[in-house]
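Data file: query15.cif. Format and content: mmCIF, C-alpha atoms.
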data_input
loop_
_atom_site.label_atom_id
_atom_site.label_comp_id
_atom_site.auth_asym_id
_atom_site.auth_seq_id
_atom_site.Cartn_x
_atom_site.Cartn_y
_atom_site.Cartn_z
CA MET Y 69 -7.26 -14.60 -7.45
CA GLU Y 70 -7.27 -14.66 -3.65
CA ASN Y 71 -3.87 -13.01 -3.68
CA LEU Y 72 -5.07 -10.28 -5.99
CA ILE Y 73 -8.06 -9.60 -3.75
CA SER Y 74 -5.97 -9.66 -0.59
CA LEU Y 75 -3.52 -7.26 -2.25
CA GLY Y 76 -6.13 -5.07 -3.94
CA PHE Y 77 -8.50 -4.56 -1.00
CA PRO Y 78 -5.93 -2.89 1.29
CA PHE Y 79 -4.92 -0.66 -1.63
CA PHE Y 80 -8.53 0.37 -2.10
CA LEU Y 81 -8.75 1.20 1.62
CA ILE Y 82 -5.47 3.13 1.46
CA LEU Y 83 -6.69 5.19 -1.50
CA LEU Y 84 -10.03 5.83 0.21
CA ALA Y 85 -8.20 6.87 3.40
CA TYR Y 86 -5.99 9.21 1.34
CA PHE Y 87 -8.95 11.11 -0.09
CA ILE Y 88 -10.86 11.24 3.20
CA GLY Y 89 -7.72 12.15 5.19
CA SER Y 90 -6.72 14.89 2.70
CA HIS Y 91 -10.20 16.40 2.85
CA LEU Y 92 -10.24 16.43 6.66
CA GLU Y 93 -6.71 17.84 6.83
CA SER Y 94 -7.52 20.60 4.40
CA ASN Y 95 -10.63 21.56 6.41
CA HIS Y 96 -8.68 21.53 9.65
CA TYR Y 97 -5.93 23.78 8.26
CA LYS Y 98 -8.59 26.19 7.00
CA SER Y 99 -10.11 26.36 10.49
CA ILE Y 100 -6.68 26.74 12.14
CA ARG Y 101 -5.66 29.63 9.87
CA GLU Y 102 -8.93 31.45 10.39
CA ARG Y 103 -8.73 31.11 14.18
CA GLU Y 104 -5.05 32.09 14.23
CA ALA Y 105 -5.91 35.22 12.30
CA ALA Y 106 -8.71 35.99 14.75
CA THR Y 107 -6.44 35.59 17.82
CA LYS Y 108 -3.22 36.96 16.42
CA ASP Y 109 -3.27 40.06 18.64
CA MET Y 110 -3.01 38.00 21.80
CA VAL Y 111 0.56 37.92 23.13
CA VAL Y 112 1.80 34.38 23.71
CA ILE Y 113 5.38 34.05 24.97
CA ASN Y 114 7.37 31.42 26.76
CA PHE Y 115 9.43 33.61 29.09
CA PRO Y 116 9.26 32.17 32.60
CA ARG Y 117 9.52 35.65 34.07
CA PHE Y 118 8.53 39.01 32.80
CA PRO Y 119 11.35 40.95 31.22
CA PHE Y 120 9.01 43.94 30.99
CA ASP Y 121 7.54 46.30 33.41
CA VAL Y 122 3.86 45.41 33.32
CA GLU Y 123 1.05 45.82 35.72
CA ILE Y 124 -0.81 42.55 36.19
CA GLU Y 125 -4.45 42.64 37.08
CA ARG Y 126 -5.35 38.94 37.06
CA ALA Y 127 -3.52 35.62 36.48
CA ASP Y 128 -4.85 32.20 35.59
CA ILE Y 129 -3.60 28.86 34.34
CA VAL Y 130 -4.92 27.97 30.90
CA MET Y 131 -4.47 24.86 28.82
CA GLY Y 132 -5.42 23.47 25.46
CA SER Y 133 -5.27 19.79 24.71
CA VAL Y 134 -5.87 17.77 21.58
CA VAL Y 135 -5.59 14.05 20.80
CA VAL Y 136 -4.56 13.12 17.28
CA SER Y 137 -4.17 9.89 15.38
CA LEU Y 138 -2.87 8.82 11.99
CA ASP Y 139 -5.18 7.86 9.19
CA TYR Y 140 -4.79 4.53 7.40
CA PHE Y 141 -2.95 6.08 4.42
CA LYS Y 142 -0.37 7.94 6.48
CA ARG Y 143 0.13 4.93 8.72
CA PHE Y 144 0.92 2.89 5.58
CA LEU Y 145 3.26 5.60 4.30
CA ALA Y 146 5.03 5.80 7.67
CA GLN Y 147 5.44 2.00 7.70
CA LEU Y 148 7.05 2.12 4.27
CA ARG Y 149 9.34 4.98 5.30
CA SER Y 150 10.39 3.23 8.51
CA ILE Y 151 11.86 0.38 6.41
CA VAL Y 152 14.19 2.58 4.38
CA GLY Y 153 14.65 5.41 6.88
CA GLY Y 154 14.62 9.16 6.34
CA ARG Y 155 12.20 11.86 7.35
CA ILE Y 156 8.73 10.54 8.07
CA LYS Y 157 7.04 13.44 6.33
CA ALA Y 158 3.62 11.86 6.74
CA TYR Y 159 3.74 12.70 10.46
CA GLU Y 160 4.67 16.36 9.95
CA PRO Y 161 1.22 17.82 9.10
CA LEU Y 162 -0.37 15.72 11.81
CA LEU Y 163 1.91 17.00 14.57
CA ASP Y 164 1.88 20.54 13.15
CA ARG Y 165 -1.91 20.56 13.29
CA ALA Y 166 -1.85 19.13 16.80
CA ARG Y 167 0.59 21.79 18.11
CA ARG Y 168 -1.30 24.67 16.53
CA GLU Y 169 -4.69 23.36 17.59
CA ALA Y 170 -3.52 22.92 21.20
CA VAL Y 171 -2.07 26.46 21.32
CA LEU Y 172 -5.24 27.86 19.75
CA ARG Y 173 -7.43 26.11 22.31
CA MET Y 174 -5.25 27.49 25.08
CA LYS Y 175 -5.50 31.01 23.64
CA GLU Y 176 -9.25 30.66 23.18
CA GLN Y 177 -9.60 29.64 26.83
CA ALA Y 178 -7.54 32.66 27.91
CA LEU Y 179 -9.68 34.98 25.76
CA ALA Y 180 -12.84 33.44 27.18
CA HIS Y 181 -11.57 34.31 30.66
CA GLY Y 182 -10.93 37.85 29.57
CA HIS Y 183 -7.12 37.67 29.47
CA ASN Y 184 -4.97 39.34 26.86
CA THR Y 185 -1.63 37.58 27.38
CA VAL Y 186 -0.29 34.07 27.98
CA VAL Y 187 3.23 33.70 29.38
CA ASN Y 188 5.44 30.77 30.32
CA ILE Y 189 3.76 28.61 27.66
CA ARG Y 190 4.86 24.94 27.49
CA LEU Y 191 4.05 22.12 25.10
CA GLU Y 192 3.87 18.49 26.25
CA THR Y 193 3.32 15.30 24.25
CA SER Y 194 2.24 11.92 25.52
CA ARG Y 195 1.54 8.67 23.72
CA LEU Y 196 -1.78 6.94 24.18
CA ALA Y 197 -1.25 3.17 24.18
CA ASN Y 198 -3.46 0.95 22.11
CA SER Y 199 -5.07 -1.58 24.45
CA GLN Y 200 -5.89 -3.93 21.56
CA ARG Y 201 -2.22 -4.65 20.92
CA GLY Y 202 -1.24 -5.26 24.50
CA GLY Y 203 -0.28 -1.65 25.01
CA LYS Y 204 2.46 -1.86 22.38
CA GLY Y 205 0.74 0.05 19.61
CA THR Y 206 -0.05 3.75 19.56
CA ALA Y 207 -3.69 4.72 19.54
CA GLY Y 208 -2.86 8.39 19.29
CA VAL Y 209 -0.84 11.26 20.69
CA GLU Y 210 -1.98 13.94 23.08
CA MET Y 211 -0.60 17.43 22.57
CA LEU Y 212 -1.01 19.72 25.58
CA ALA Y 213 -0.27 23.44 25.59
CA TYR Y 214 -0.43 25.26 28.92
CA GLY Y 215 0.66 28.57 30.31
CA THR Y 216 -0.14 31.42 32.62
CA ALA Y 217 -2.82 33.70 31.27
CA LEU Y 218 -2.60 37.30 32.41
CA THR Y 219 -4.76 40.34 32.20
CA THR Y 220 -2.33 43.23 32.00
CA ARG Y 221 -3.33 46.75 32.55
CA LYS Y 222 -0.36 48.08 30.69
CA GLY Y 223 0.29 46.49 27.29
CA LEU Y 224 3.44 44.51 26.62
CA MET K 21 11.13 45.99 24.17
CA LYS K 22 7.71 45.33 22.78
CA ALA K 23 5.95 42.05 21.95
CA ASP K 24 5.04 41.73 18.28
CA PRO K 25 2.51 38.90 17.89
CA ARG K 26 2.30 37.24 14.44
CA GLU K 27 0.43 34.40 12.86
CA PRO K 28 2.40 31.12 12.77
CA ASP K 29 4.27 30.50 9.56
CA ASP K 30 3.08 27.13 8.33
CA SER K 31 5.80 26.69 5.73
CA VAL K 32 8.54 26.00 8.30
CA ASN K 33 7.50 22.69 9.82
CA LEU K 34 5.91 21.13 6.77
CA THR K 35 7.84 19.56 3.90
CA PRO K 36 5.95 20.09 0.64
CA THR K 37 5.14 16.54 -0.48
CA HIS K 38 2.84 14.88 -2.95
CA TRP K 39 1.67 12.00 -0.77
CA LEU K 40 0.51 9.70 -3.55
CA ARG K 41 3.80 10.15 -5.40
CA GLU K 42 5.77 9.35 -2.26
CA ALA K 43 3.59 6.30 -1.56
CA THR K 44 3.98 5.06 -5.15
CA THR K 45 7.76 5.56 -5.17
CA LEU K 46 8.23 3.75 -1.86
CA THR K 47 5.82 0.94 -2.76
CA VAL K 48 7.30 0.25 -6.18
CA GLY K 49 10.84 0.43 -4.83
CA LEU K 50 10.14 -1.94 -1.97
CA VAL K 51 8.17 -4.39 -4.12
CA VAL K 52 11.12 -4.55 -6.52
CA VAL K 53 13.40 -5.23 -3.54
CA ALA K 54 10.97 -7.88 -2.18
CA VAL K 55 10.83 -9.65 -5.54
CA GLY K 56 14.62 -9.51 -5.76
CA VAL K 57 15.03 -10.88 -2.23
CA PHE K 58 12.51 -13.64 -2.86
CA THR K 59 14.12 -14.63 -6.14
CA THR K 60 17.54 -14.75 -4.48
CA ILE K 61 16.14 -16.85 -1.61
CA ALA K 62 14.45 -19.22 -4.06
CA LEU K 63 17.62 -19.68 -6.11
CA LEU K 64 19.65 -20.20 -2.93
CA VAL K 65 17.17 -22.79 -1.65
CA ASN K 66 17.29 -24.61 -4.99
CA LEU K 67 21.07 -24.87 -4.57
CA LEU K 68 20.93 -25.98 -0.94
CA VAL K 69 18.05 -28.49 -1.01
CA PRO K 70 19.92 -31.25 -2.90
CA ILE K 71 22.50 -31.48 -0.09
CA ILE K 72 19.93 -31.91 2.72
CA PRO K 73 20.07 -35.55 3.92
CA LEU K 74 16.90 -37.65 3.70
CA ARG K 75 16.95 -38.43 7.44
CA ILE K 76 16.20 -34.76 8.16
CA GLU K 77 13.16 -35.02 5.90
CA ALA K 78 12.04 -38.11 7.77
CA GLU K 79 12.30 -36.22 11.07
CA VAL K 80 10.13 -33.42 9.69
CA THR K 81 7.47 -35.93 8.65
CA GLU K 82 7.60 -37.59 12.06
CA ALA K 83 6.98 -34.22 13.66
CA ILE K 84 3.87 -33.52 11.59
CA TRP K 85 2.57 -37.10 11.42
CA ALA K 86 0.50 -36.77 14.62
CA GLU K 87 -1.26 -33.78 13.11
CA VAL K 88 -1.98 -35.64 9.87
CA GLN K 89 -3.35 -38.62 11.85
CA GLU K 90 -6.22 -36.49 13.13
CA TYR K 91 -7.63 -36.40 9.62
CA VAL K 92 -7.13 -40.08 8.82
CA PRO K 93 -10.54 -41.76 8.81
CA GLU K 94 -11.14 -45.07 10.56
CA GLY K 95 -11.08 -48.14 8.34
CA GLY K 96 -9.93 -48.01 4.74
CA GLU K 97 -6.63 -49.80 5.49
CA ASP K 98 -7.11 -51.91 2.37
CA ILE K 99 -7.26 -48.79 0.27
CA VAL K 100 -4.01 -47.56 1.76
CA VAL K 101 -2.39 -50.92 1.00
CA ARG K 102 -3.61 -50.74 -2.61
CA LEU K 103 -2.40 -47.19 -2.99
CA ASP K 104 0.96 -48.07 -1.44
CA THR K 105 1.28 -50.89 -3.96
CA LEU K 106 0.40 -48.55 -6.82
CA VAL K 107 2.99 -46.00 -5.64
CA VAL K 108 5.67 -48.69 -5.35
CA GLN K 109 4.81 -49.96 -8.86
CA LEU K 110 5.22 -46.46 -10.23
CA ALA K 111 8.33 -45.72 -8.17
CA ASN K 112 9.99 -48.90 -9.50
CA HIS K 113 10.41 -46.99 -12.77
CA TRP K 114 12.56 -44.49 -10.88
CA PRO K 115 15.56 -46.72 -10.18
CA ASP K 116 17.82 -44.36 -8.25
CA ARG K 117 15.15 -43.24 -5.79
CA GLU K 118 16.22 -42.99 -2.15
CA TYR K 119 12.79 -42.58 -0.61
CA ASP K 120 10.63 -45.20 1.01
CA PHE K 121 7.17 -44.09 -0.11
CA HIS K 122 3.94 -44.35 1.83
CA VAL K 123 0.43 -43.13 1.21
CA ALA K 124 -1.98 -41.75 3.81
CA VAL K 125 -5.64 -41.09 3.08
CA VAL K 126 -7.20 -38.12 4.82
CA GLU K 127 -10.82 -37.07 5.02
CA ALA K 128 -11.48 -33.99 2.89
CA ASP K 129 -14.28 -32.82 0.67
CA ARG K 130 -12.11 -31.68 -2.19
CA PRO K 131 -9.92 -33.74 -4.50
CA ASN K 132 -6.29 -33.18 -3.68
CA ALA K 133 -2.97 -34.88 -3.13
CA PHE K 134 0.30 -33.54 -1.82
CA ALA K 135 3.83 -34.63 -1.01
CA LEU K 136 5.25 -34.29 2.49
CA PRO K 137 8.93 -34.50 3.36
CA GLY K 138 10.33 -37.99 3.83
CA GLY K 139 8.24 -39.82 1.19
CA LEU K 140 4.71 -39.47 2.54
CA ILE K 141 1.97 -38.81 -0.02
CA ILE K 142 -1.35 -37.54 1.29
CA VAL K 143 -4.43 -38.35 -0.80
CA THR K 144 -7.87 -37.00 0.07
CA THR K 145 -10.98 -39.19 0.21
CA ASP K 146 -12.65 -37.01 -2.39
CA LEU K 147 -9.86 -37.64 -4.89
CA ILE K 148 -10.38 -41.40 -4.50
CA ARG K 149 -14.13 -40.95 -4.78
CA ILE K 150 -14.01 -39.12 -8.12
CA ALA K 151 -11.26 -41.23 -9.72
CA GLU K 152 -12.80 -43.42 -12.42
CA SER K 153 -9.72 -45.45 -13.25
CA GLU K 154 -6.45 -46.60 -11.75
CA ASN K 155 -4.66 -44.67 -14.50
CA GLU K 156 -6.22 -41.42 -13.41
CA LEU K 157 -5.05 -41.83 -9.84
CA ALA K 158 -1.68 -43.16 -11.03
CA PHE K 159 -1.04 -39.85 -12.79
CA VAL K 160 -1.76 -37.91 -9.60
CA LEU K 161 0.54 -40.19 -7.59
CA GLY K 162 3.18 -40.01 -10.33
CA HIS K 163 2.94 -36.23 -10.22
CA GLU K 164 3.61 -36.32 -6.46
CA LEU K 165 6.56 -38.65 -7.05
CA GLY K 166 7.82 -36.00 -9.45
CA HIS K 167 7.81 -33.53 -6.56
CA PHE K 168 9.94 -35.96 -4.53
CA HIS K 169 12.25 -36.45 -7.51
CA ASN K 170 12.91 -32.71 -7.60
CA ARG K 171 12.53 -32.34 -3.81
CA ASP K 172 10.00 -29.58 -4.41
CA HIS K 173 8.36 -29.97 -1.00
CA LEU K 174 11.65 -28.96 0.67
CA LYS K 175 12.15 -26.10 -1.74
CA ALA K 176 8.68 -24.72 -1.03
CA LEU K 177 9.20 -25.16 2.71
CA GLY K 178 12.63 -23.53 2.61
CA ARG K 179 11.38 -20.60 0.54
CA GLY K 180 8.45 -20.07 2.89
CA ILE K 181 10.57 -20.13 6.06
CA LEU K 182 13.36 -17.92 4.72
CA PHE K 183 11.00 -15.39 3.20
CA ASP K 184 8.97 -15.18 6.42
CA LEU K 185 12.23 -14.62 8.29
CA ALA K 186 13.20 -11.89 5.85
CA LEU K 187 9.81 -10.20 6.31
CA ALA K 188 9.94 -10.52 10.09
CA SER K 189 13.42 -8.99 10.19
CA VAL K 190 12.07 -5.76 8.67
CA GLY K 191 9.00 -5.79 10.89
CA MET K 192 6.65 -6.94 8.14
CA GLY K 193 5.83 -10.36 9.54
CA ALA K 194 2.46 -12.06 9.73
CA GLY K 195 -0.27 -9.70 10.86
CA SER K 196 1.40 -6.54 9.63
CA MET K 197 -1.00 -4.41 7.72
CA PRO K 198 -1.12 -4.55 4.79
CA ASN K 199 1.20 -7.42 4.04
CA LEU K 200 2.29 -5.94 0.75
CA PHE K 201 5.65 -7.66 0.68
CA GLY K 202 4.22 -11.02 1.67
CA SER K 203 1.87 -10.76 -1.29
CA SER K 204 4.73 -9.74 -3.57
CA GLY K 205 6.60 -12.81 -2.38
CA LEU K 206 3.61 -15.06 -2.99
CA LEU K 207 3.17 -13.71 -6.50
CA THR K 208 6.86 -14.26 -7.17
CA SER K 209 6.69 -17.77 -5.72
CA ARG K 210 3.98 -18.70 -8.22
CA ARG K 211 6.53 -18.57 -11.00
CA PHE K 212 8.68 -21.10 -9.14
CA ASN K 213 5.66 -23.22 -8.18
CA ARG K 214 4.40 -23.40 -11.74
CA ARG K 215 7.79 -24.44 -13.02
CA GLN K 216 7.86 -27.19 -10.40
CA GLU K 217 4.34 -28.34 -11.29
CA ARG K 218 5.24 -28.60 -14.97
CA ALA K 219 8.31 -30.68 -14.15
CA ALA K 220 6.24 -32.93 -11.82
CA ASP K 221 3.58 -33.38 -14.53
CA ARG K 222 6.22 -34.53 -16.99
CA PHE K 223 7.79 -36.90 -14.47
CA GLY K 224 4.36 -38.36 -13.64
CA LEU K 225 3.57 -38.87 -17.33
CA GLY K 226 6.88 -40.66 -17.78
CA LEU K 227 6.14 -43.05 -14.91
CA MET K 228 2.66 -43.68 -16.30
CA TYR K 229 4.04 -44.56 -19.69
CA GLU K 230 6.60 -46.92 -18.14
CA GLN K 231 3.90 -48.62 -16.09
CA TYR K 232 1.03 -48.86 -18.58
CA ALA K 233 2.73 -48.22 -21.96
CA THR K 234 0.15 -45.47 -22.42
CA VAL K 235 -0.65 -42.16 -20.76
CA ALA K 236 -4.40 -42.64 -21.22
CA GLY K 237 -6.36 -41.29 -18.26
CA SER K 238 -3.73 -38.77 -17.25
CA LEU K 239 -5.92 -35.79 -18.11
CA ASP K 240 -9.10 -37.20 -16.58
CA PHE K 241 -8.53 -35.53 -13.24
CA PHE K 242 -8.70 -32.07 -14.81
CA GLU K 243 -11.76 -32.99 -16.86
CA HIS K 244 -13.46 -34.16 -13.67
CA ASP K 245 -12.94 -30.81 -12.09
CA LEU K 246 -14.20 -28.92 -15.08
CA GLY K 247 -17.10 -31.28 -15.66
CA VAL K 248 -18.30 -31.82 -12.12
CA THR K 249 -17.75 -28.46 -10.52
CA GLY K 250 -17.16 -26.11 -13.44
CA LEU K 251 -14.89 -23.21 -12.57
CA SER K 252 -15.19 -24.11 -8.92
CA GLU K 253 -13.01 -23.05 -6.05
CA THR K 254 -11.07 -26.26 -6.54
CA ILE K 255 -9.91 -24.97 -9.89
CA ALA K 256 -9.38 -21.50 -8.51
CA ASP K 257 -7.15 -22.94 -5.80
CA PHE K 258 -5.40 -25.12 -8.27
CA ALA K 259 -4.79 -22.16 -10.52
CA GLY K 260 -3.22 -20.32 -7.61
CA THR K 261 -0.03 -22.33 -7.38
CA HIS K 262 -0.32 -24.58 -10.39
CA PRO K 263 -0.52 -23.55 -14.02
CA GLY K 264 -4.12 -22.86 -15.08
CA SER K 265 -5.89 -26.07 -16.09
CA THR K 266 -6.26 -25.18 -19.77
CA THR K 267 -2.60 -24.18 -20.06
CA ARG K 268 -1.56 -27.21 -18.09
CA ILE K 269 -3.52 -29.65 -20.25
CA LYS K 270 -2.09 -28.07 -23.39
CA GLU K 271 1.46 -28.27 -22.08
CA MET K 272 0.95 -31.91 -21.11
CA LEU K 273 -0.49 -32.76 -24.52
CA ASP K 274 2.43 -31.04 -26.25
CA PHE K 275 4.90 -32.98 -24.11
CA VAL K 276 3.15 -36.30 -24.73
CA GLU K 277 3.14 -35.63 -28.47
CA GLU K 278 6.80 -34.68 -28.36
CA GLN K 279 7.65 -37.95 -26.60
CA GLY K 280 5.44 -39.96 -28.97
CA TRP K 281 3.50 -41.59 -26.13
CA PRO K 282 0.01 -42.91 -26.90
CA LEU K 283 -2.90 -41.10 -25.31
CA ASP K 284 -5.39 -43.86 -25.92
CA GLY K 285 -5.54 -47.32 -24.44
CA GLU K 286 -7.42 -49.43 -21.98
CA LEU K 287 -8.09 -47.88 -18.59
CA LEU K 288 -7.80 -50.12 -15.56
CA PRO K 289 -10.71 -50.18 -13.10
CA PRO K 290 -10.27 -48.27 -9.84
CA VAL K 291 -9.34 -51.34 -7.80
CA PHE K 292 -8.53 -49.26 -4.72
CA GLN K 293 -12.28 -48.59 -4.49
CA GLU K 294 -13.35 -52.17 -5.25
CA SER K 295 -11.03 -53.64 -2.64
CA ALA K 296 -12.63 -51.43 -0.01
CA VAL K 297 -16.09 -52.44 -1.14
CA SER K 298 -15.40 -56.15 -1.08
CA ASP K 299 -14.29 -56.06 2.56
CA GLY K 300 -17.07 -53.85 3.78
CA ASP K 301 -20.15 -55.14 5.53
CA GLU K 302 -22.11 -51.95 5.71
CA GLY K 303 -23.12 -51.57 2.11
CA ILE K 304 -21.95 -49.38 -0.67
CA ASP K 305 -22.62 -45.75 -1.19
CA ALA K 306 -24.43 -45.86 -4.50
CA GLU K 307 -23.21 -42.46 -5.57
CA SER K 308 -19.56 -42.71 -4.60
CA GLY K 309 -19.17 -46.43 -5.11
CA VAL K 310 -17.24 -46.88 -1.87
CA LYS K 311 -18.21 -48.31 1.47
CA GLY K 312 -19.75 -46.07 4.07
CA ARG K 313 -18.01 -47.29 7.23
CA GLY K 314 -16.52 -43.95 8.08
CA GLY K 315 -13.64 -44.79 5.78
CA VAL K 316 -13.15 -43.50 2.33
CA GLN K 317 -16.22 -41.66 1.23
#

Please go through the file and, once you have read it, give me the structure as structure tokens.
Amino acid sequence: MENLISLGFPFFLILLAYFIGSHLESNHYKSIREREAATKDMVVINFPRFPFDVEIERADIVMGSVVVSLDYFKRFLAQLRSIVGGRIKAYEPLLDRARREAVLRMKEQALAHGHNTVVNIRLETSRLANSQRGGKGTAGVEMLAYGTALTTRKGL
Amino acid sequence: MKADPREPDDSVNLTPTHWLREATTLTVGLVVVAVGVFTTIALLVNLLVPIIPLRIEAEVTEAIWAEVQEYVPEGGEDIVVRLDTLVVQLANHWPDREYDFHVAVVEADRPNAFALPGGLIIVTTDLIRIAESENELAFVLGHELGHFHNRDHLKALGRGILFDLALASVGMGAGSMPNLFGSSGLLTSRRFNRRQERAADRFGLGLMYEQYATVAGSLDFFEHDLGVTGLSETIADFAGTHPGSTTRIKEMLDFVEEQGWPLDGELLPPVFQESAVSDGDEGIDAESGVKGRGGVQ
């Protein structure tokens, strides 16, 4: 009986985490797509130098950062996958959302400052250690997007 | 050249997956593997245990004896002597035994007895308290002797160690969350445990018959549990690794009938309790019938 409870309770939590995590993910993707559509006219490129002849009015550094973590269900799925190997697909939506959210935040900052272009964009990732497990676990991942925001007088 | 901004294409970096289906496939697959690994380990241990020399068992007991001592109550030496005598009487009906058996009484508030490597049988004070006859306790001790006969304690130990090693080697050791494979292993081990318990019951009944020419009193321990505590946690625990009480009683009755052993007969008084009482100078616990000098209660 104790075994059944100890086996059943984590499964209940996993199922609960699946439904909650799916709902949150779906809402986040909805928000990302709407904001991407709203900012799609902004030019975001990763050229370190301008290959075009443009007249620059103002320049600024802009950045967007987001910290993400796995939910209980995806952590469980990733644990299972790490035993047999293969693509850890459970991580894909999480990192995809993090990248897109970070870029969106960077673009939104540039727009707020009145810029119309971001060049030399870079993406950085860093792991946040979990202090409860002696720094060995991962509490989450930070995704940072940064670049040089420009206000160009002549369009690219 | 002109920049042509577009919305990100979210089909590139995402693999279309039904998460629940993936979780189910991986879980079922790995549970099947875990059960297979555990079964293989158990069969391997069953083959290896008979060739482990007894002196290694004795060393294991020596290592854990200090820990056991912490739970041994003061006084009650007479009871241990009586129980030792009873065990030797029973073990005399097992002629080719290699063990030198000893009994230790430990303080605990639930009736239990278990076999430790090297020939040590641990009996709890509560088991002595509830036993109403020598026959009843003799069955429990005979059952433990059955475990020694089949060297079950080593098999259980070996299975536990090897399976923990197997789990740790894939990063699913103690503390991993959730310990799905540990639970699968435990559920698989029940099958082996129950088989061992049945064999020990039969061995214990055989010793009882040899000693008393009857197996009367052998089922009293289970009736105590049901009568005194109902479907208590004691039973729930018992049912965890042992066959359920109802099934177990039925199997024992079938076996006794098959062997043609009598189930009725005179029950001997619980002399292990009386001997403690006669030596005591601090009175008798009216409810338990044993002395209250911090010994067996």

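Take the PyMOL selection byres ((chain Y and resi 128-139) around 7) and apply it to this file: it picks Ala85, Gly89, Arg126, Ala127, Tyr140, Phe141, Lys142, Arg143, Ala166, Glu169, Ala170, Val171, Arg173, Met174, Gln177, Ala178, Ala207, Gly208, Val209, Glu210, Met211, Leu212, Ala213, Tyr214, Gly215, Thr216, Ala217 and Leu218 of chain Y.
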
Residues near Pro116 (chain Y), anyone? I mean within 12 Å using only C-alpha atoms, not counting same-chain ones fewer than 4 positions away, as a list in words. Val112, Phe120, Val186, Val187, Asn188, Ile189, Arg190, Gly215 and Thr216 of chain Y

Do you know which residues are at most 12 Å from Ile61 (chain K) counting all atoms listed in the file, after dropping those on the same chain fewer than 2 positions away, and could you put them as a VMD selection string? chain K and resid 54 to 59 63 to 69 175 to 186 205 208 to 209 212

Would you kindly translate the PyMOL selection byres ((chain Y) within 10 of (chain K)) into the concrete residues it picks from this file, as an MDAnalysis selection string? chainID Y and resid 69:72 74:79 82:83 86 90 97 101 103:113 119:121 140:152 155:165 168 223:224

Store the residues picked out above, limited to C-alpha atoms, as a compact mmCIF listing (two decimals), in the coordinates of the input.
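Contents of selection-v3.txt, freshly written:
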# COMPACT_ATOMS: atom_id res chain seq x y z
CA MET Y 69 -7.26 -14.60 -7.45
CA GLU Y 70 -7.27 -14.66 -3.65
CA ASN Y 71 -3.87 -13.01 -3.68
CA LEU Y 72 -5.07 -10.28 -5.99
CA SER Y 74 -5.97 -9.66 -0.59
CA LEU Y 75 -3.52 -7.26 -2.25
CA GLY Y 76 -6.13 -5.07 -3.94
CA PHE Y 77 -8.50 -4.56 -1.00
CA PRO Y 78 -5.93 -2.89 1.29
CA PHE Y 79 -4.92 -0.66 -1.63
CA ILE Y 82 -5.47 3.13 1.46
CA LEU Y 83 -6.69 5.19 -1.50
CA TYR Y 86 -5.99 9.21 1.34
CA SER Y 90 -6.72 14.89 2.70
CA TYR Y 97 -5.93 23.78 8.26
CA ARG Y 101 -5.66 29.63 9.87
CA ARG Y 103 -8.73 31.11 14.18
CA GLU Y 104 -5.05 32.09 14.23
CA ALA Y 105 -5.91 35.22 12.30
CA ALA Y 106 -8.71 35.99 14.75
CA THR Y 107 -6.44 35.59 17.82
CA LYS Y 108 -3.22 36.96 16.42
CA ASP Y 109 -3.27 40.06 18.64
CA MET Y 110 -3.01 38.00 21.80
CA VAL Y 111 0.56 37.92 23.13
CA VAL Y 112 1.80 34.38 23.71
CA ILE Y 113 5.38 34.05 24.97
CA PRO Y 119 11.35 40.95 31.22
CA PHE Y 120 9.01 43.94 30.99
CA ASP Y 121 7.54 46.30 33.41
CA TYR Y 140 -4.79 4.53 7.40
CA PHE Y 141 -2.95 6.08 4.42
CA LYS Y 142 -0.37 7.94 6.48
CA ARG Y 143 0.13 4.93 8.72
CA PHE Y 144 0.92 2.89 5.58
CA LEU Y 145 3.26 5.60 4.30
CA ALA Y 146 5.03 5.80 7.67
CA GLN Y 147 5.44 2.00 7.70
CA LEU Y 148 7.05 2.12 4.27
CA ARG Y 149 9.34 4.98 5.30
CA SER Y 150 10.39 3.23 8.51
CA ILE Y 151 11.86 0.38 6.41
CA VAL Y 152 14.19 2.58 4.38
CA ARG Y 155 12.20 11.86 7.35
CA ILE Y 156 8.73 10.54 8.07
CA LYS Y 157 7.04 13.44 6.33
CA ALA Y 158 3.62 11.86 6.74
CA TYR Y 159 3.74 12.70 10.46
CA GLU Y 160 4.67 16.36 9.95
CA PRO Y 161 1.22 17.82 9.10
CA LEU Y 162 -0.37 15.72 11.81
CA LEU Y 163 1.91 17.00 14.57
CA ASP Y 164 1.88 20.54 13.15
CA ARG Y 165 -1.91 20.56 13.29
CA ARG Y 168 -1.30 24.67 16.53
CA GLY Y 223 0.29 46.49 27.29
CA LEU Y 224 3.44 44.51 26.62

Under the rule that only C-alpha atoms are counted, which of Y:Ile124, Y:Thr219, Y:Asn114, Y:Glu102 is the nearest residue to Leu179 (chain Y)? Y:Thr219

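The space separating CA of Val143 (chain K) from CA of Ile71 (chain K) comes to 27.8 Å.
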
Specify as a ChimeraX atom specification each residue included when the PyMOL selection byres ((chain K and resi 288) around 7) is applied to this file. /K:153-155,286-287,289-290

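Among the candidates Y:Arg221, Y:Ala197, Y:Gly154, Y:Lys98, the residue lying nearest to His183 (chain Y) is Y:Arg221 (atoms considered: only C-alpha atoms).
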
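The space between CA of Glu79 (chain K) and CA of Asp120 (chain K) spans 13.6 Å.
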
One-decimal distance in Å that lies between CA of Ser238 (chain K) and CA of Val160 (chain K): 7.9 Å

Step by step: start from the point (-8.2, -44.7, -9.2) in the file's coordinates, keep every protein, DNA or RNA residue that has an atom no farther than 12 Å from it, count all atoms listed in the file, and write the set as a PyMOL selection string. chain K and resi 99+102-103+106-107+143+145-161+237-238+240-241+287-295+309-310
